[in-house]
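Visitor: Structure file data_18.txt (compact mmCIF, C-alpha atoms and all ligand atoms) is given on the next line.
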```txt
# COMPACT_ATOMS: atom_id res chain seq x y z
CA MET A 1 -72.04 -34.44 -38.72
CA HIS A 2 -69.62 -36.02 -36.27
CA VAL A 3 -66.35 -37.72 -37.26
CA LEU A 4 -64.25 -40.14 -35.18
CA VAL A 5 -60.60 -40.45 -36.18
CA VAL A 6 -58.48 -43.32 -34.86
CA GLY A 7 -54.79 -42.30 -34.65
CA ALA A 8 -53.18 -38.97 -33.80
CA GLY A 9 -50.35 -39.21 -36.33
CA VAL A 10 -49.72 -36.57 -38.99
CA GLY A 11 -52.67 -37.71 -41.11
CA GLY A 12 -55.28 -38.03 -38.35
CA LEU A 13 -54.36 -34.71 -36.76
CA CYS A 14 -54.35 -32.88 -40.08
CA LEU A 15 -57.83 -34.26 -40.81
CA ALA A 16 -58.99 -33.09 -37.38
CA GLN A 17 -57.63 -29.60 -38.11
CA GLY A 18 -59.33 -29.49 -41.50
CA LEU A 19 -62.67 -30.55 -40.01
CA ARG A 20 -62.41 -28.22 -37.01
CA LYS A 21 -61.60 -25.31 -39.33
CA ARG A 22 -64.82 -26.06 -41.25
CA GLY A 23 -66.96 -26.38 -38.11
CA ILE A 24 -67.40 -30.18 -38.24
CA GLY A 25 -67.43 -32.09 -34.93
CA VAL A 26 -64.35 -34.31 -34.61
CA VAL A 27 -62.74 -36.51 -31.97
CA VAL A 28 -59.33 -38.22 -32.32
CA LEU A 29 -58.64 -41.42 -30.35
CA GLU A 30 -54.94 -42.20 -29.83
CA ARG A 31 -53.46 -45.38 -28.37
CA ASP A 32 -50.35 -43.72 -26.87
CA SER A 33 -50.81 -42.67 -23.26
CA ALA A 34 -49.60 -39.09 -23.90
CA PRO A 35 -48.36 -36.91 -26.79
CA ASP A 36 -44.73 -37.51 -25.82
CA ALA A 37 -45.11 -41.15 -24.71
CA ARG A 38 -42.66 -42.28 -27.42
CA ALA A 39 -40.10 -40.72 -29.74
CA GLN A 40 -41.76 -39.49 -32.93
CA GLY A 41 -38.80 -39.88 -35.29
CA LEU A 42 -36.67 -37.21 -36.89
CA ARG A 43 -37.15 -35.08 -39.97
CA LEU A 44 -39.86 -35.21 -42.62
CA LYS A 45 -39.63 -33.87 -46.13
CA ILE A 46 -42.88 -32.08 -46.93
CA ASP A 47 -43.43 -31.71 -50.65
CA VAL A 48 -45.82 -29.55 -52.63
CA HIS A 49 -48.81 -31.83 -51.86
CA GLY A 50 -48.04 -31.91 -48.14
CA ARG A 51 -47.58 -28.14 -48.02
CA ALA A 52 -50.86 -27.51 -49.85
CA ALA A 53 -52.71 -29.85 -47.47
CA LEU A 54 -51.25 -28.20 -44.38
CA ALA A 55 -52.07 -24.74 -45.73
CA ASP A 56 -55.62 -25.90 -46.39
CA CYS A 57 -56.25 -27.55 -43.01
CA LEU A 58 -54.36 -25.30 -40.58
CA ASP A 59 -55.18 -21.75 -39.57
CA ASP A 60 -52.88 -19.27 -41.30
CA ASP A 61 -50.75 -18.53 -38.24
CA HIS A 62 -50.11 -22.24 -37.60
CA TYR A 63 -49.22 -22.86 -41.23
CA GLN A 64 -46.75 -19.95 -41.01
CA LEU A 65 -45.35 -21.60 -37.91
CA VAL A 66 -44.77 -24.84 -39.85
CA THR A 67 -42.76 -23.03 -42.54
CA ALA A 68 -40.87 -20.79 -40.12
CA THR A 69 -39.73 -23.81 -38.09
CA ALA A 70 -38.71 -25.73 -41.24
CA ASN A 71 -35.62 -25.59 -43.44
CA GLU A 72 -35.49 -23.02 -46.24
CA PRO A 73 -37.63 -24.27 -49.17
CA TYR A 74 -35.51 -26.26 -51.63
CA GLN A 75 -35.94 -27.90 -55.01
CA SER A 76 -35.26 -31.61 -54.98
CA ARG A 77 -31.93 -31.96 -56.76
CA GLY A 78 -31.43 -35.68 -57.13
CA VAL A 79 -27.87 -35.71 -55.80
CA THR A 80 -26.36 -39.10 -54.96
CA LEU A 81 -22.95 -39.58 -53.35
CA ASP A 82 -20.49 -42.46 -53.11
CA GLU A 83 -19.04 -43.77 -49.85
CA ASN A 84 -16.29 -41.12 -50.06
CA LEU A 85 -18.99 -38.44 -50.37
CA ASN A 86 -18.07 -37.67 -53.97
CA VAL A 87 -21.01 -36.74 -56.19
CA LEU A 88 -22.04 -39.73 -58.30
CA HIS A 89 -25.00 -38.08 -59.93
CA SER A 90 -26.54 -34.62 -59.81
CA SER A 91 -29.42 -33.29 -61.87
CA VAL A 92 -29.22 -29.60 -62.77
CA PRO A 93 -30.57 -27.58 -59.83
CA ALA A 94 -33.57 -25.38 -60.52
CA GLN A 95 -32.47 -21.82 -59.81
CA PRO A 96 -33.86 -19.73 -58.31
CA VAL A 97 -35.95 -21.97 -56.07
CA ASP A 98 -39.59 -21.89 -57.13
CA GLU A 99 -41.32 -21.51 -53.77
CA ALA A 100 -44.62 -22.77 -55.19
CA THR A 101 -43.23 -26.21 -56.00
CA ALA A 102 -40.38 -26.46 -53.49
CA SER A 103 -40.20 -28.91 -50.59
CA ILE A 104 -39.48 -28.06 -46.97
CA VAL A 105 -38.06 -30.19 -44.15
CA VAL A 106 -39.76 -30.21 -40.76
CA ASN A 107 -38.93 -31.83 -37.46
CA ARG A 108 -41.66 -34.49 -37.06
CA HIS A 109 -42.24 -33.81 -33.35
CA THR A 110 -42.57 -30.06 -34.02
CA LEU A 111 -45.07 -30.67 -36.84
CA ARG A 112 -47.12 -32.93 -34.56
CA GLN A 113 -47.10 -30.31 -31.79
CA ILE A 114 -48.33 -27.66 -34.25
CA LEU A 115 -50.99 -30.05 -35.57
CA MET A 116 -52.17 -30.58 -31.99
CA SER A 117 -52.59 -26.83 -31.32
CA GLU A 118 -56.19 -25.73 -30.78
CA LEU A 119 -57.33 -29.38 -30.58
CA THR A 120 -57.74 -29.43 -26.79
CA GLY A 121 -60.90 -31.40 -26.03
CA HIS A 122 -60.75 -33.11 -29.43
CA VAL A 123 -57.80 -35.52 -28.93
CA PHE A 124 -57.97 -38.32 -26.34
CA PHE A 125 -54.87 -40.33 -25.37
CA GLY A 126 -54.80 -43.84 -23.93
CA LYS A 127 -57.69 -44.82 -26.25
CA GLU A 128 -56.71 -47.93 -28.16
CA PHE A 129 -59.27 -48.80 -30.83
CA GLU A 130 -60.47 -52.39 -30.56
CA ARG A 131 -63.43 -52.78 -32.96
CA TYR A 132 -66.40 -51.02 -34.47
CA GLU A 133 -70.04 -51.88 -35.14
CA LEU A 134 -72.41 -50.35 -37.66
CA VAL A 135 -75.69 -49.61 -35.88
CA ASP A 136 -78.45 -48.05 -38.03
CA ASP A 137 -76.78 -45.03 -39.60
CA ARG A 138 -74.08 -44.59 -36.96
CA VAL A 139 -70.71 -46.17 -36.20
CA VAL A 140 -70.03 -47.36 -32.65
CA VAL A 141 -66.37 -47.69 -31.62
CA TYR A 142 -65.12 -49.78 -28.70
CA CYS A 143 -61.74 -49.02 -27.13
CA ARG A 144 -59.66 -51.39 -25.02
CA ASP A 145 -60.13 -49.21 -21.91
CA GLY A 146 -63.90 -49.92 -22.08
CA SER A 147 -64.89 -46.54 -23.51
CA ILE A 148 -67.51 -46.43 -26.28
CA TRP A 149 -67.77 -43.69 -28.92
CA VAL A 150 -70.47 -42.98 -31.51
CA ALA A 151 -70.17 -41.02 -34.77
CA ASP A 152 -71.49 -40.62 -38.31
CA VAL A 153 -68.13 -41.47 -39.87
CA LEU A 154 -65.09 -43.45 -38.65
CA VAL A 155 -61.67 -42.78 -40.19
CA GLY A 156 -58.85 -45.26 -39.59
CA ALA A 157 -55.68 -43.14 -39.50
CA ASP A 158 -53.90 -45.68 -37.31
CA GLY A 159 -50.81 -46.34 -39.37
CA ILE A 160 -49.26 -49.31 -41.15
CA ASN A 161 -50.55 -51.90 -38.63
CA SER A 162 -54.06 -50.38 -38.64
CA ALA A 163 -56.62 -52.22 -36.52
CA VAL A 164 -59.45 -50.37 -38.32
CA ARG A 165 -58.14 -51.76 -41.64
CA GLY A 166 -57.90 -55.19 -39.99
CA GLN A 167 -61.67 -55.18 -39.53
CA LEU A 168 -62.63 -53.27 -42.70
CA VAL A 169 -60.33 -55.08 -45.17
CA PRO A 170 -59.13 -58.24 -43.37
CA ASP A 171 -57.26 -59.56 -46.41
CA ALA A 172 -55.19 -56.38 -46.92
CA ASP A 173 -51.54 -57.22 -46.61
CA VAL A 174 -48.25 -55.58 -45.62
CA ILE A 175 -45.11 -56.48 -47.58
CA ASP A 176 -41.76 -56.92 -45.87
CA THR A 177 -39.11 -55.76 -48.36
CA GLY A 178 -36.29 -57.66 -46.68
CA LEU A 179 -34.47 -54.39 -45.95
CA TRP A 180 -33.67 -53.13 -42.47
CA SER A 181 -32.48 -49.72 -41.42
CA ILE A 182 -30.69 -48.06 -38.51
CA TYR A 183 -31.50 -44.40 -37.84
CA GLY A 184 -29.17 -41.97 -36.08
CA GLN A 185 -28.79 -38.27 -35.31
CA LEU A 186 -25.75 -35.97 -35.28
CA MET A 187 -26.43 -32.62 -33.63
CA LEU A 188 -25.00 -29.81 -35.77
CA ASP A 189 -22.70 -27.31 -34.10
CA GLU A 190 -19.94 -24.90 -35.08
CA GLN A 191 -17.27 -27.55 -34.56
CA ASN A 192 -18.66 -30.28 -36.81
CA ARG A 193 -19.75 -27.82 -39.48
CA LYS A 194 -16.02 -27.17 -40.02
CA TRP A 195 -15.40 -30.74 -41.18
CA LEU A 196 -18.78 -31.74 -42.64
CA PRO A 197 -18.67 -31.26 -46.43
CA GLU A 198 -21.26 -29.07 -48.18
CA ASN A 199 -22.35 -32.16 -50.15
CA VAL A 200 -24.25 -33.56 -47.18
CA PHE A 201 -26.55 -30.52 -46.86
CA GLY A 202 -29.32 -29.14 -49.04
CA GLY A 203 -31.83 -31.99 -49.37
CA SER A 204 -31.98 -35.75 -49.13
CA ARG A 205 -28.59 -37.23 -49.93
CA PRO A 206 -28.40 -40.98 -50.54
CA VAL A 207 -24.84 -42.25 -50.16
CA LEU A 208 -24.48 -45.44 -52.20
CA GLY A 209 -21.85 -47.59 -50.56
CA PRO A 210 -20.37 -51.00 -51.30
CA GLN A 211 -22.26 -54.29 -50.68
CA GLY A 212 -25.58 -52.68 -51.64
CA ARG A 213 -25.64 -50.53 -48.50
CA THR A 214 -27.20 -47.06 -48.63
CA LEU A 215 -26.74 -44.30 -46.09
CA ALA A 216 -29.49 -41.70 -46.46
CA LEU A 217 -28.48 -38.28 -45.12
CA GLY A 218 -30.68 -35.26 -44.50
CA SER A 219 -30.31 -32.16 -42.35
CA PHE A 220 -32.82 -30.25 -40.25
CA GLN A 221 -31.83 -26.58 -40.03
CA PRO A 222 -34.84 -24.43 -39.11
CA GLN A 223 -35.05 -21.00 -40.70
CA MET A 224 -35.89 -19.44 -37.36
CA PRO A 225 -35.40 -20.53 -33.72
CA ILE A 226 -38.68 -21.99 -32.45
CA ASP A 227 -39.26 -19.46 -29.63
CA GLN A 228 -38.85 -16.63 -32.14
CA ALA A 229 -41.26 -18.28 -34.60
CA ILE A 230 -43.88 -18.83 -31.87
CA ALA A 231 -43.64 -15.20 -30.79
CA GLN A 232 -44.06 -14.07 -34.38
CA PHE A 233 -46.86 -16.37 -35.54
CA ALA A 234 -48.80 -18.12 -32.80
CA SER A 235 -47.91 -17.24 -29.26
CA ARG A 236 -50.21 -19.91 -27.69
CA ALA A 237 -48.67 -22.92 -29.42
CA GLU A 238 -46.78 -25.27 -27.09
CA ILE A 239 -43.70 -26.29 -29.00
CA SER A 240 -40.45 -27.67 -27.62
CA PRO A 241 -37.16 -26.20 -28.76
CA VAL A 242 -35.14 -28.27 -31.20
CA ALA A 243 -31.57 -27.70 -32.35
CA PRO A 244 -30.29 -28.31 -35.91
CA TYR A 245 -29.21 -31.88 -36.69
CA LEU A 246 -28.14 -34.23 -39.44
CA LYS A 247 -30.20 -37.43 -39.70
CA TRP A 248 -28.68 -40.56 -41.18
CA ASN A 249 -30.11 -43.98 -41.81
CA LEU A 250 -28.22 -46.98 -43.01
CA ILE A 251 -30.32 -49.29 -45.20
CA ALA A 252 -29.16 -52.80 -46.07
CA PRO A 253 -30.54 -56.27 -46.72
CA ALA A 254 -31.57 -57.84 -43.40
CA GLU A 255 -29.04 -60.69 -43.56
CA GLN A 256 -26.14 -58.20 -43.51
CA PHE A 257 -26.89 -57.17 -39.92
CA GLY A 258 -25.83 -60.63 -38.73
CA VAL A 259 -28.58 -61.07 -36.10
CA SER A 260 -32.12 -62.44 -35.99
CA ALA A 261 -35.12 -60.12 -36.29
CA ASP A 262 -35.90 -60.58 -32.58
CA GLU A 263 -32.37 -59.57 -31.64
CA PHE A 264 -32.26 -56.63 -34.06
CA PHE A 265 -35.54 -55.05 -32.96
CA SER A 266 -34.80 -55.49 -29.25
CA SER A 267 -31.20 -54.24 -29.50
CA SER A 268 -30.07 -51.31 -27.41
CA PRO A 269 -29.52 -47.95 -29.15
CA GLU A 270 -25.83 -48.30 -28.30
CA TRP A 271 -25.58 -51.69 -30.05
CA LEU A 272 -27.34 -50.29 -33.14
CA HIS A 273 -25.04 -47.27 -33.17
CA ALA A 274 -21.97 -49.50 -32.99
CA LYS A 275 -23.41 -51.81 -35.68
CA ALA A 276 -23.93 -48.93 -38.12
CA GLY A 277 -20.32 -47.87 -37.50
CA GLU A 278 -19.09 -51.43 -38.09
CA MET A 279 -21.05 -51.73 -41.36
CA THR A 280 -19.51 -48.51 -42.70
CA ALA A 281 -15.99 -49.14 -41.37
CA GLN A 282 -14.49 -49.10 -44.89
CA TRP A 283 -16.23 -45.85 -45.89
CA SER A 284 -14.61 -42.39 -45.90
CA PRO A 285 -13.21 -41.07 -42.60
CA VAL A 286 -15.81 -38.25 -42.73
CA VAL A 287 -18.70 -40.75 -42.82
CA ARG A 288 -17.14 -42.73 -39.99
CA ARG A 289 -16.69 -39.59 -37.90
CA MET A 290 -20.25 -38.49 -38.66
CA LEU A 291 -21.58 -41.75 -37.28
CA ALA A 292 -19.14 -41.96 -34.38
CA GLU A 293 -20.05 -38.49 -33.10
CA SER A 294 -23.81 -39.10 -33.36
CA LEU A 295 -25.99 -39.44 -30.27
CA SER A 296 -25.88 -43.16 -29.39
CA ALA A 297 -28.92 -43.06 -27.13
CA VAL A 298 -31.42 -42.06 -29.85
CA THR A 299 -30.38 -44.64 -32.48
CA PHE A 300 -33.33 -46.84 -33.54
CA PRO A 301 -34.09 -49.77 -35.89
CA LEU A 302 -36.72 -50.02 -38.62
CA ALA A 303 -37.95 -52.83 -40.89
CA ILE A 304 -38.74 -51.43 -44.32
CA ARG A 305 -42.29 -52.46 -45.13
CA ALA A 306 -45.12 -51.23 -47.36
CA SER A 307 -48.79 -51.93 -48.02
CA ARG A 308 -49.58 -54.33 -50.80
CA PRO A 309 -51.16 -51.80 -53.15
CA GLY A 310 -54.71 -52.39 -54.35
CA ALA A 311 -56.77 -53.01 -51.21
CA PHE A 312 -60.42 -52.43 -51.93
CA TRP A 313 -63.46 -52.11 -49.69
CA SER A 314 -67.05 -51.04 -50.33
CA THR A 315 -67.74 -47.44 -49.45
CA GLY A 316 -69.65 -46.94 -46.23
CA ARG A 317 -69.28 -45.02 -42.97
CA VAL A 318 -65.80 -46.38 -42.29
CA THR A 319 -62.80 -45.33 -44.36
CA LEU A 320 -59.01 -45.23 -44.20
CA LEU A 321 -56.40 -42.52 -44.50
CA GLY A 322 -52.59 -42.40 -44.70
CA ASP A 323 -50.40 -45.43 -43.90
CA SER A 324 -53.42 -47.53 -42.90
CA ALA A 325 -54.43 -47.49 -46.59
CA HIS A 326 -51.14 -47.04 -48.45
CA ALA A 327 -47.93 -47.27 -46.40
CA THR A 328 -44.87 -46.57 -48.54
CA THR A 329 -41.27 -47.57 -47.91
CA PRO A 330 -39.20 -44.57 -46.72
CA VAL A 331 -37.40 -44.54 -50.10
CA GLY A 332 -38.53 -41.27 -51.69
CA GLY A 333 -40.02 -39.80 -48.48
CA VAL A 334 -43.65 -39.39 -49.52
CA GLY A 335 -45.74 -41.30 -46.93
CA ALA A 336 -46.51 -38.33 -44.70
CA ASN A 337 -47.28 -36.19 -47.74
CA ILE A 338 -49.93 -38.51 -49.06
CA ALA A 339 -51.39 -38.90 -45.57
CA LEU A 340 -51.69 -35.08 -45.42
CA ARG A 341 -53.14 -35.00 -48.94
CA ASP A 342 -55.76 -37.58 -47.92
CA ALA A 343 -56.62 -35.53 -44.84
CA ALA A 344 -57.22 -32.33 -46.81
CA ALA A 345 -59.31 -34.12 -49.46
CA LEU A 346 -61.45 -35.98 -46.92
CA ALA A 347 -62.01 -32.90 -44.74
CA HIS A 348 -63.09 -30.98 -47.82
CA ASN A 349 -65.45 -33.70 -49.07
CA ILE A 350 -67.09 -34.29 -45.69
CA ALA A 351 -67.57 -30.56 -45.10
CA GLU A 352 -69.18 -30.14 -48.52
CA VAL A 353 -72.01 -32.52 -47.57
CA ALA A 354 -72.28 -31.68 -43.87
CA ASP A 355 -75.84 -30.44 -44.35
CA PHE A 356 -76.80 -33.18 -46.82
CA PRO A 357 -76.34 -36.54 -45.06
CA ASP A 358 -77.73 -38.41 -48.07
CA LEU A 359 -74.66 -37.34 -50.05
CA LEU A 360 -72.14 -38.51 -47.46
CA GLN A 361 -71.51 -41.89 -49.06
CA GLN A 362 -70.87 -40.27 -52.44
CA ALA A 363 -68.44 -37.78 -50.87
CA ILE A 364 -66.48 -40.61 -49.21
CA ALA A 365 -66.51 -42.67 -52.42
CA GLN A 366 -64.99 -39.76 -54.38
CA TYR A 367 -62.27 -39.37 -51.77
CA GLU A 368 -61.52 -43.11 -51.83
CA ALA A 369 -61.32 -43.32 -55.62
CA ALA A 370 -58.78 -40.48 -55.85
CA MET A 371 -56.83 -41.66 -52.80
CA ARG A 372 -56.45 -45.20 -54.19
CA GLU A 373 -55.09 -43.82 -57.44
CA TYR A 374 -52.32 -41.55 -56.11
CA GLY A 375 -51.80 -43.57 -52.91
CA TYR A 376 -51.25 -46.96 -54.53
CA GLN A 377 -49.06 -45.40 -57.22
CA ALA A 378 -46.88 -43.87 -54.49
CA VAL A 379 -46.58 -47.31 -52.84
CA ARG A 380 -45.52 -48.90 -56.15
CA ASN A 381 -42.90 -46.18 -56.70
CA SER A 382 -41.52 -46.61 -53.20
CA LEU A 383 -41.36 -50.41 -53.61
CA ALA A 384 -39.43 -49.90 -56.85
CA GLY A 385 -36.97 -47.71 -54.89
CA ALA A 386 -36.49 -50.46 -52.30
CA GLU A 387 -36.09 -53.02 -55.08
CA ARG A 388 -33.28 -50.91 -56.63
CA ILE A 389 -31.37 -51.16 -53.35
CA LEU A 390 -31.94 -54.93 -53.17
CA ARG A 391 -31.05 -55.38 -56.83
CA SER A 392 -27.69 -53.63 -56.41
CA LYS A 393 -26.92 -56.20 -53.73
CA ARG A 394 -28.03 -59.09 -55.93
CA LEU A 395 -25.85 -57.84 -58.79
CA LEU A 396 -22.91 -57.80 -56.40
CA ASP A 397 -23.70 -61.34 -55.27
CA ALA A 398 -23.76 -62.40 -58.91
CA GLY A 399 -20.42 -60.70 -59.52
CA GLN A 400 -21.96 -58.13 -61.85
CA GLY A 401 -21.89 -55.08 -59.57
C1 LIG B 1 -38.10 -43.26 -40.17
C2 LIG B 1 -39.15 -42.75 -41.11
C3 LIG B 1 -38.89 -41.63 -41.91
C4 LIG B 1 -39.88 -41.12 -42.77
N1 LIG B 1 -39.62 -40.00 -43.51
C5 LIG B 1 -40.60 -39.48 -44.30
C6 LIG B 1 -40.41 -38.24 -45.02
O1 LIG B 1 -39.34 -37.62 -45.00
N2 LIG B 1 -41.46 -37.75 -45.75
C7 LIG B 1 -42.64 -38.42 -45.79
O2 LIG B 1 -43.55 -37.94 -46.48
N3 LIG B 1 -42.86 -39.57 -45.12
C8 LIG B 1 -41.88 -40.10 -44.36
N4 LIG B 1 -42.11 -41.26 -43.66
C9 LIG B 1 -43.43 -41.91 -43.73
C10 LIG B 1 -44.39 -41.22 -42.76
O3 LIG B 1 -43.84 -41.18 -41.48
C11 LIG B 1 -45.72 -41.94 -42.70
O4 LIG B 1 -46.17 -42.18 -44.01
C12 LIG B 1 -46.75 -41.08 -41.95
O5 LIG B 1 -46.36 -40.93 -40.61
C13 LIG B 1 -48.13 -41.69 -42.03
O6 LIG B 1 -49.01 -40.93 -41.25
P1 LIG B 1 -50.30 -41.60 -40.61
O7 LIG B 1 -50.98 -40.48 -39.88
O8 LIG B 1 -51.04 -42.34 -41.64
O9 LIG B 1 -49.77 -42.69 -39.60
P2 LIG B 1 -48.82 -42.56 -38.34
O10 LIG B 1 -48.02 -41.31 -38.39
O11 LIG B 1 -48.12 -43.86 -38.22
O12 LIG B 1 -49.83 -42.41 -37.12
C14 LIG B 1 -50.67 -43.46 -36.70
C15 LIG B 1 -51.12 -43.16 -35.27
O13 LIG B 1 -52.12 -44.13 -34.91
C16 LIG B 1 -51.89 -44.56 -33.59
N5 LIG B 1 -52.51 -45.90 -33.44
C17 LIG B 1 -52.08 -47.09 -33.97
N6 LIG B 1 -52.93 -48.08 -33.64
C18 LIG B 1 -53.92 -47.52 -32.90
C19 LIG B 1 -55.10 -48.04 -32.28
N7 LIG B 1 -55.45 -49.35 -32.35
N8 LIG B 1 -55.90 -47.19 -31.60
C20 LIG B 1 -55.60 -45.85 -31.52
N9 LIG B 1 -54.48 -45.30 -32.09
C21 LIG B 1 -53.66 -46.14 -32.77
C22 LIG B 1 -50.37 -44.58 -33.48
O14 LIG B 1 -49.95 -44.56 -32.13
C23 LIG B 1 -50.01 -43.30 -34.25
O15 LIG B 1 -49.99 -42.16 -33.41
C24 LIG B 1 -41.13 -41.78 -42.84
C25 LIG B 1 -41.38 -42.91 -42.04
C26 LIG B 1 -40.41 -43.37 -41.19
C27 LIG B 1 -40.70 -44.60 -40.34
```
Render the structure in this file as structure tokens.
Ligand SMILES: Cc1cc2nc3c(=O)[nH]c(=O)nc-3n(C[C@H](O)[C@H](O)[C@H](O)COP(=O)(O)OP(=O)(O)OC[C@H]3O[C@@H](n4cnc5c(N)ncnc54)[C@H](O)[C@@H]3O)c2cc1C

Guide:
Amino acid sequence: MHVLVVGAGVGGLCLAQGLRKRGIGVVVLERDSAPDARAQGLRLKIDVHGRAALADCLDDDHYQLVTATANEPYQSRGVTLDENLNVLHSSVPAQPVDEATASIVVNRHTLRQILMSELTGHVFFGKEFERYELVDDRVVVYCRDGSIWVADVLVGADGINSAVRGQLVPDADVIDTGLWSIYGQLMLDEQNRKWLPENVFGGSRPVLGPQGRTLALGSFQPQMPIDQAIAQFASRAEISPVAPYLKWNLIAPAEQFGVSADEFFSSSPEWLHAKAGEMTAQWSPVVRRMLAESLSAVTFPLAIRASRPGAFWSTGRVTLLGDSAHATTPVGGVGANIALRDAAALAHNIAEVADFPDLLQQAIAQYEAAMREYGYQAVRNSLAGAERILRSKRLLDAGQG
């Protein structure tokens, strides 16, 4: 059994780990020219499903490395703040934290580096998928650099704009919610910890401001410095150091940014940083200082989009995983978790039938049926979250907010 995975994101790499661990041949083709060819984003909340999938697919020492380089496990507390950082709503915290159901927060680049460990010779960069062909009982993949790859199964793990999905399910659609976001990063140090309120730490913290604008805050504070964690759990892993930080992203209806889409998405990090400051100018001095002291150069824009849930294709030798099948809006922070969940389920199902090729189609069909159920539900929930933000703006426009 030989599996080709297109896309070395969290989902594709986790699948490769799960297959490698079970002795199945796997190759990952990635469009980027190198692992660090572009910034990978900031923190990721990994919930109970994501943790279980990582524990299942990674070797023990690498799973330990994921948790050691993550925040302390925490129970989601549903705390929302107003623009003066006062608590608007807080559900009763579960105490003590139940480690079995708690979430952790990882640095996305660190997670990807851990997921890449032990995959030398399995991951190829600079390989942009172009198209596939079904030939007898094999799949033939053509990349833009002219290389040709052959496998028993092809998995499209190539994200929200998936080219594999484009060929497999041409009518599948991506929804633009009409919300844009600006992401920024404040490095945490002894000085700013003195004036940052406790309210901003401990989990995801949406700050609901005026005009239907939301500032989503979340800290990354690893339990253990990375070099110490590597020495303790997996001395061969190549992982870059990363210092604690607070991530923020300002979400608002697109028209509030005052520029066209072309201008917004080609703006400099400095312009975006200044824009976020301008759009929160009436918020509390602490919020303004938080944004002002952030690193200008790493600020980036994002359009909030999601898959239209419900895409269907007939089961065969080509399937989808993660955002290529069910991209969620960032509201709720579940996209990576369901990509990891897909990866663990698919690795398990393929391995089960590795010696029984006649059962392969059935194994993939089972994976797809379950994945559509939880994946499309997650997309619907995340769209409802985005709609709540838009609705608060509409209520304001109608003078009801
Ligand atoms: C700013 C932000 C914050 C988020 N925060 C969270 C969070 O806290 N928790 C959470 O669960 N989710 C979060 N998400 C969602 C999460 O990032 C995605 O759901 C997750 O990355 C999906 O994983 P994936 O492997 O399916 O796709 P991706 O991670 O997008 O990886 C796809 C890979 O495919 C490659 N590729 C694309 N096209 C081709 C091609 N033609 N040929 C070869 N390779 C190709 C890409 O270069 C990329 O490496 C967040 C998303 C964003 C944007």

Visitor: Counting all atoms listed in the file, figure out which residue out of A:Pro170, A:Gly209, A:Pro225, A:Gly218 gets nearest to Asn84 of chain A.

Guide: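 Ranked by minimum distance to Asn84 of chain A, first place goes to A:Gly209.
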
Visitor: Name the residues within 10 Å of (-38.2, -28.5, -44.1), counting all atoms listed in the file in the file's coordinates, and put them as a list in words.

Guide: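 Applying the cut-off with all atoms listed in the file, one gets Arg43, Leu44, Lys45, Ile46, Asp47, Val66, Thr67, Ala68, Thr69, Ala70, Asn71, Glu72, Pro73, Tyr74, Ala102, Ser103, Ile104, Val105, Val106, Asn107, Arg108, Gly203, Ser219, Phe220, Gln221, Pro222 and Gln223 of chain A.
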
Visitor: How would you write, as a compact mmCIF listing (two decimals) with C-alpha atoms, keeping the file's coordinate frame, the set of residues no farther than 8 Å from ligand LIG 1 (chain B) when counting only C-alpha atoms and all ligand atoms?

Guide:
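Produced file part25.txt, reproduced below:
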```txt
# COMPACT_ATOMS: atom_id res chain seq x y z
CA VAL A 6 -58.48 -43.32 -34.86
CA GLY A 7 -54.79 -42.30 -34.65
CA ALA A 8 -53.18 -38.97 -33.80
CA GLY A 9 -50.35 -39.21 -36.33
CA VAL A 10 -49.72 -36.57 -38.99
CA GLY A 11 -52.67 -37.71 -41.11
CA GLY A 12 -55.28 -38.03 -38.35
CA LEU A 13 -54.36 -34.71 -36.76
CA LEU A 29 -58.64 -41.42 -30.35
CA GLU A 30 -54.94 -42.20 -29.83
CA ARG A 31 -53.46 -45.38 -28.37
CA ASP A 32 -50.35 -43.72 -26.87
CA GLY A 41 -38.80 -39.88 -35.29
CA LEU A 42 -36.67 -37.21 -36.89
CA ARG A 43 -37.15 -35.08 -39.97
CA LEU A 44 -39.86 -35.21 -42.62
CA LYS A 45 -39.63 -33.87 -46.13
CA ILE A 46 -42.88 -32.08 -46.93
CA ASP A 47 -43.43 -31.71 -50.65
CA GLY A 50 -48.04 -31.91 -48.14
CA VAL A 105 -38.06 -30.19 -44.15
CA GLY A 126 -54.80 -43.84 -23.93
CA LYS A 127 -57.69 -44.82 -26.25
CA GLU A 128 -56.71 -47.93 -28.16
CA PHE A 129 -59.27 -48.80 -30.83
CA GLU A 130 -60.47 -52.39 -30.56
CA CYS A 143 -61.74 -49.02 -27.13
CA ALA A 157 -55.68 -43.14 -39.50
CA ASP A 158 -53.90 -45.68 -37.31
CA GLY A 159 -50.81 -46.34 -39.37
CA ILE A 160 -49.26 -49.31 -41.15
CA ASN A 161 -50.55 -51.90 -38.63
CA SER A 162 -54.06 -50.38 -38.64
CA ALA A 163 -56.62 -52.22 -36.52
CA VAL A 164 -59.45 -50.37 -38.32
CA TYR A 183 -31.50 -44.40 -37.84
CA LEU A 302 -36.72 -50.02 -38.62
CA LEU A 321 -56.40 -42.52 -44.50
CA GLY A 322 -52.59 -42.40 -44.70
CA ASP A 323 -50.40 -45.43 -43.90
CA SER A 324 -53.42 -47.53 -42.90
CA ALA A 325 -54.43 -47.49 -46.59
CA ALA A 327 -47.93 -47.27 -46.40
CA THR A 328 -44.87 -46.57 -48.54
CA THR A 329 -41.27 -47.57 -47.91
CA PRO A 330 -39.20 -44.57 -46.72
CA GLY A 332 -38.53 -41.27 -51.69
CA GLY A 333 -40.02 -39.80 -48.48
CA VAL A 334 -43.65 -39.39 -49.52
CA GLY A 335 -45.74 -41.30 -46.93
CA ALA A 336 -46.51 -38.33 -44.70
CA ASN A 337 -47.28 -36.19 -47.74
CA ILE A 338 -49.93 -38.51 -49.06
CA ALA A 339 -51.39 -38.90 -45.57
CA LEU A 340 -51.69 -35.08 -45.42
```
